[in-house]
>>> print(open('upload_34.tsv').read())   # TSV, C-alpha atoms
chain	number	residue	atom	x	y	z
A	440	LEU	CA	-6.96	55.85	-42.96
A	441	SER	CA	-5.38	55.51	-39.57
A	442	ARG	CA	-8.54	53.91	-38.25
A	443	VAL	CA	-8.33	51.19	-40.95
A	444	GLN	CA	-4.66	50.60	-40.14
A	445	THR	CA	-5.46	50.29	-36.45
A	446	THR	CA	-8.21	47.78	-37.16
A	447	ILE	CA	-5.93	45.73	-39.40
A	448	ARG	CA	-3.19	45.77	-36.77
A	449	ARG	CA	-5.62	44.58	-34.11
A	450	ARG	CA	-6.86	41.73	-36.28
A	451	VAL	CA	-3.33	40.66	-37.17
A	452	HIS	CA	-2.40	40.90	-33.50
A	453	CYS	CA	-5.40	38.69	-32.58
A	454	LEU	CA	-4.44	36.15	-35.23
A	455	VAL	CA	-0.85	36.07	-33.98
A	456	MET	CA	-2.05	35.70	-30.39
A	457	ASP	CA	-4.47	32.93	-31.37
A	458	TYR	CA	-1.68	31.14	-33.25
A	459	THR	CA	0.69	31.58	-30.28
A	460	TYR	CA	-1.96	30.28	-27.87
A	461	PHE	CA	-2.63	27.30	-30.14
A	462	MET	CA	1.08	26.48	-30.37
A	463	MET	CA	1.48	26.74	-26.58
A	464	CYS	CA	-1.46	24.38	-26.05
A	465	LEU	CA	-0.05	21.97	-28.61
A	466	ALA	CA	3.38	22.08	-26.95
A	467	MET	CA	1.84	21.45	-23.51
A	468	PHE	CA	-0.03	18.46	-24.92
A	469	PHE	CA	3.12	16.87	-26.32
A	470	ILE	CA	5.10	17.64	-23.16
A	471	SER	CA	2.45	16.07	-20.92
A	472	LEU	CA	1.88	13.04	-23.15
A	473	PRO	CA	4.64	10.92	-21.51
A	474	ILE	CA	3.21	11.74	-18.09
A	475	TYR	CA	-0.22	10.40	-19.03
A	476	THR	CA	1.11	7.29	-20.72
A	477	LYS	CA	3.53	6.46	-17.90
A	478	GLY	CA	2.38	3.97	-15.33
A	479	LYS	CA	0.70	1.42	-17.58
A	480	CYS	CA	2.31	-1.90	-16.72
A	481	VAL	CA	2.25	-4.35	-19.61
A	482	SER	CA	2.55	-8.03	-18.66
A	483	PRO	CA	3.41	-7.61	-14.97
A	484	LYS	CA	5.49	-10.35	-13.42
A	485	VAL	CA	5.97	-10.81	-9.68
A	486	VAL	CA	9.64	-11.70	-9.27
A	487	SER	CA	9.71	-12.25	-5.51
A	488	THR	CA	7.44	-11.87	-2.50
A	489	SER	CA	8.02	-11.75	1.22
A	490	THR	CA	5.11	-11.83	3.66
A	491	TYR	CA	4.80	-11.25	7.39
A	492	SER	CA	2.06	-11.42	10.00
A	493	THR	CA	2.23	-10.90	13.75
A	494	PRO	CA	3.14	-14.22	15.40
A	495	ASP	CA	1.75	-13.60	18.91
A	496	VAL	CA	-0.65	-11.36	20.83
A	497	LEU	CA	1.55	-10.65	23.81
A	498	PHE	CA	3.32	-7.56	22.46
A	499	SER	CA	0.74	-6.18	20.01
A	500	SER	CA	-2.78	-4.86	20.16
A	501	ASP	CA	-3.60	-5.72	16.52
A	502	THR	CA	-2.39	-8.26	14.00
A	503	VAL	CA	-0.03	-6.68	11.48
A	504	TYR	CA	0.25	-7.98	7.93
A	505	SER	CA	2.93	-6.95	5.44
A	506	ILE	CA	3.76	-7.92	1.87
A	507	ILE	CA	7.00	-6.91	0.15
A	508	LEU	CA	7.20	-7.76	-3.53
A	509	SER	CA	9.29	-7.10	-6.61
A	510	VAL	CA	7.38	-6.45	-9.82
A	511	THR	CA	8.76	-6.15	-13.34
A	512	CYS	CA	6.85	-4.98	-16.39
A	513	GLN	CA	7.55	-5.87	-19.99
A	514	ASP	CA	8.10	-2.20	-20.89
A	515	ASN	CA	10.19	-1.43	-17.75
A	516	GLN	CA	7.48	0.83	-16.33
A	517	GLN	CA	7.18	1.31	-12.58
A	518	PRO	CA	3.47	1.98	-12.04
A	519	SER	CA	1.67	3.06	-8.92
A	520	LEU	CA	-0.04	0.05	-7.38
A	521	TYR	CA	-3.07	-0.38	-5.12
A	522	ALA	CA	-3.88	-3.43	-3.01
A	523	LEU	CA	-7.44	-4.65	-2.44
A	524	ILE	CA	-7.73	-5.53	1.26
A	525	ASP	CA	-11.06	-5.97	3.05
A	526	ASP	CA	-12.91	-4.46	0.05
A	527	GLN	CA	-10.79	-1.28	0.24
A	528	LEU	CA	-8.04	-0.11	-2.07
A	529	ILE	CA	-4.87	0.77	-0.19
A	530	PRO	CA	-1.98	2.58	-1.91
A	531	VAL	CA	1.17	0.48	-2.12
A	532	THR	CA	4.45	2.21	-1.29
A	533	LYS	CA	7.34	1.96	-3.71
A	534	GLU	CA	11.02	1.98	-2.83
A	535	LEU	CA	12.80	4.67	-4.84
A	536	GLY	CA	15.07	3.49	-7.61
A	537	THR	CA	13.99	-0.14	-7.43
A	538	ASN	CA	11.05	-2.27	-8.49
A	539	GLN	CA	10.17	-3.17	-4.87
A	540	TYR	CA	6.75	-2.42	-3.40
A	541	GLN	CA	5.35	-2.82	0.12
A	542	VAL	CA	1.87	-2.80	1.58
A	543	SER	CA	1.03	-3.15	5.28
A	544	TRP	CA	-2.23	-3.13	7.22
A	545	THR	CA	-3.66	-4.18	10.57
A	546	ARG	CA	-6.69	-6.08	11.80
A	547	PRO	CA	-7.97	-6.72	15.31
A	548	HIS	CA	-6.82	-10.04	16.77
A	549	ASP	CA	-10.39	-11.30	16.95
A	550	LYS	CA	-10.85	-11.05	13.15
A	551	PRO	CA	-8.18	-13.38	11.75
A	552	PRO	CA	-8.40	-14.56	8.14
A	553	SER	CA	-8.55	-18.18	7.13
A	554	SER	CA	-5.31	-20.07	6.49
A	555	SER	CA	-4.41	-17.80	3.59
A	556	LEU	CA	-5.28	-14.29	2.49
A	557	VAL	CA	-5.36	-13.37	-1.22
A	558	VAL	CA	-4.45	-9.74	-1.95
A	559	SER	CA	-5.25	-8.37	-5.42
A	560	PHE	CA	-3.10	-5.59	-6.92
A	561	TYR	CA	-4.30	-2.92	-9.39
A	562	ASP	CA	-2.61	-0.13	-11.32
A	563	ASP	CA	-4.03	3.43	-11.51
A	564	GLU	CA	-6.43	2.58	-14.31
A	565	GLY	CA	-7.71	-0.59	-12.63
A	566	ALA	CA	-8.08	1.15	-9.25
A	567	SER	CA	-10.06	3.96	-10.86
A	568	SER	CA	-12.39	1.49	-12.58
A	569	PHE	CA	-12.78	-0.48	-9.34
A	570	ARG	CA	-13.73	2.66	-7.38
A	571	LYS	CA	-16.17	3.65	-10.11
A	572	SER	CA	-17.84	0.22	-9.92
A	573	ILE	CA	-18.19	0.53	-6.15
A	574	ARG	CA	-19.47	4.13	-6.33
A	575	TYR	CA	-22.19	3.29	-8.85
A	576	GLU	CA	-22.94	-0.07	-7.18
A	577	GLU	CA	-22.18	-1.96	-10.35
A	578	GLU	CA	-20.79	-5.45	-10.72
A	579	ILE	CA	-17.01	-5.34	-10.47
A	580	LYS	CA	-15.63	-6.34	-13.87
A	581	VAL	CA	-12.06	-5.14	-13.34
A	582	SER	CA	-9.49	-7.88	-13.22
A	583	PRO	CA	-6.39	-7.28	-11.08
A	584	LEU	CA	-2.88	-7.09	-12.50
A	585	PHE	CA	-1.89	-9.99	-10.24
A	586	ASP	CA	-2.69	-11.62	-6.90
A	587	VAL	CA	-0.37	-12.41	-3.99
A	588	THR	CA	-1.25	-14.99	-1.35
A	589	LEU	CA	-0.25	-14.33	2.25
A	590	ASP	CA	-0.05	-17.60	4.18
A	591	TYR	CA	-1.44	-16.93	7.64
A	592	LYS	CA	-0.13	-19.29	10.32
A	593	GLY	CA	-2.30	-17.97	13.13
A	594	ILE	CA	-1.48	-16.16	16.35
A	595	LYS	CA	0.03	-17.66	19.46
A	596	ARG	CA	-2.04	-16.65	22.42
A	597	ALA	CA	0.30	-18.25	24.95
A	598	SER	CA	2.80	-16.22	26.94
A	599	ILE	CA	6.51	-16.28	26.14
A	600	ILE	CA	7.31	-17.74	29.57
A	601	ALA	CA	6.30	-21.37	29.91
A	602	PRO	CA	3.95	-22.26	32.80
A	603	GLY	CA	6.44	-24.87	34.06
A	604	PHE	CA	9.12	-22.19	34.41
A	605	ILE	CA	6.74	-19.97	36.40
A	606	ALA	CA	5.86	-22.91	38.69
A	607	MET	CA	9.55	-23.69	39.23
A	608	CYS	CA	10.33	-20.05	40.11
A	609	LEU	CA	7.40	-19.95	42.52
A	610	ALA	CA	8.56	-23.20	44.16
A	611	LEU	CA	12.11	-21.82	44.54
A	612	PHE	CA	10.75	-18.60	46.06
A	613	ILE	CA	8.64	-20.54	48.58
A	614	TRP	CA	11.64	-22.76	49.43
A	615	TYR	CA	13.80	-19.63	49.93
A	616	LEU	CA	11.21	-18.07	52.29
A	617	ALA	CA	10.83	-21.31	54.22
A	618	ASN	CA	14.60	-21.82	54.49
A	619	THR	CA	15.30	-18.24	55.68
A	620	THR	CA	12.45	-18.43	58.19
A	621	ARG	CA	13.78	-21.76	59.54
A	622	GLN	CA	17.28	-20.31	59.93
A	623	LYS	CA	15.91	-17.29	61.83
A	624	LEU	CA	13.95	-19.59	64.17
A	625	GLN	CA	17.01	-21.74	64.89
A	626	GLN	CA	19.07	-18.72	66.00
>>> encode(input="upload_34.tsv", output="structure tokens")
Amino acid sequence: LSRVQTTIRRRVHCLVMDYTYFMMCLAMFFISLPIYTKGKCVSPKVVSTSTYSTPDVLFSSDTVYSIILSVTCQDNQQPSLYALIDDQLIPVTKELGTNQYQVSWTRPHDKPPSSSLVVSFYDDEGASSFRKSIRYEEEIKVSPLFDVTLDYKGIKRASIIAPGFIAMCLALFIWYLANTTRQKLQQ
């Protein structure tokens, strides 16, 4: 009789444990649901953009490009964004507590873009699909959330000091040497 009671207790214990495990899994699913649904930006709208590129080659070894933008979504989400630059997805940094994003990259001076550079932005889902298309060498069918155009004005290769100013300083230096030498000879 005690053996039957022990078997029944074990089976009841297993059922309770299975029910507890099921409830824990169900609770974890509902707790994690907002995490998985967060980040989907519905109807993104670029409110403002600010772009920068290195103006001259004198003080830099590479050309630096930077885009700062404000993005609002219809559902007030603040998704993670990725920028497509030179066929590579680069993570876009987000300023905490705001809807401002920034992406920066460099290129060698000898590889400047044309007059403008179009940068496409993707969310997590779009970036994942884009990477998958590249990995399996498929045609890219993912459309970006939005595009931002960086107007590139070119790089100044001239020095900061004008050649006329250098010539004038050289002429003054030669005049000074000649004048001091003349005064020494007259003494």
>>> atom_distance(input="upload_34.tsv", atom1="atom CA of His548 of chain A", atom2="atom CA of Phe569 of chain A")
28.4 Å
>>> closest_atom_pairs(input="upload_34.tsv", of="segment 537-612 of chain A", to="segment 510-520 of chain A", cutoff="6 Å", atoms="all atoms listed in the file", output="JSON lines")
{"residue": "A:Asn538", "atom": "CA", "partner": "A:Val510", "partner_atom": "CA", "distance": 5.7}
{"residue": "A:Tyr561", "atom": "CA", "partner": "A:Leu520", "partner_atom": "CA", "distance": 5.6}
{"residue": "A:Asp562", "atom": "CA", "partner": "A:Leu520", "partner_atom": "CA", "distance": 4.7}
>>> residues_around(input="upload_34.tsv", residues="segment 522-531 of chain A", least_positions_apart="6", cutoff="7 Å", atoms="all atoms listed in the file", output="list in words")
Tyr540, Gln541, Val542, Val558, Ser559, Phe560 and Tyr561 of chain A
>>> closest_residue(input="upload_34.tsv", among="A:Cys480, A:Ile506, A:Leu497, A:Ile573", to="Leu556 of chain A", atoms="all atoms listed in the file")
A:Ile506
>>> axis_aligned_box(input="upload_34.tsv", around="segment 503-512 of chain A", padding_each_side="5 Å", output="JSON")
{"center_x": 4.6, "center_y": -6.5, "center_z": -2.5, "size_x": 19.3, "size_y": 13.0, "size_z": 37.9}
>>> residues_around(input="upload_34.tsv", residues="Ser509 of chain A", least_positions_apart="2", cutoff="6 Å", atoms="all atoms listed in the file", output="number ranges by chain")
A: 485-487, 538-539
>>> atom_distance(input="upload_34.tsv", atom1="atom CA of Thr545 of chain A", atom2="atom CA of Pro602 of chain A")
29.6 Å
>>> atom_distance(input="upload_34.tsv", atom1="atom CA of Ile594 of chain A", atom2="atom CA of Val496 of chain A")
6.6 Å
>>> closest_residue(input="upload_34.tsv", among="A:Ile507, A:Val557, A:Leu584, A:Met607", to="Thr488 of chain A", atoms="all atoms listed in the file")
A:Ile507
>>> closest_residue(input="upload_34.tsv", among="A:Arg442, A:Lys592, A:Asn618, A:Tyr504", to="Ser489 of chain A", atoms="all atoms listed in the file")
A:Tyr504
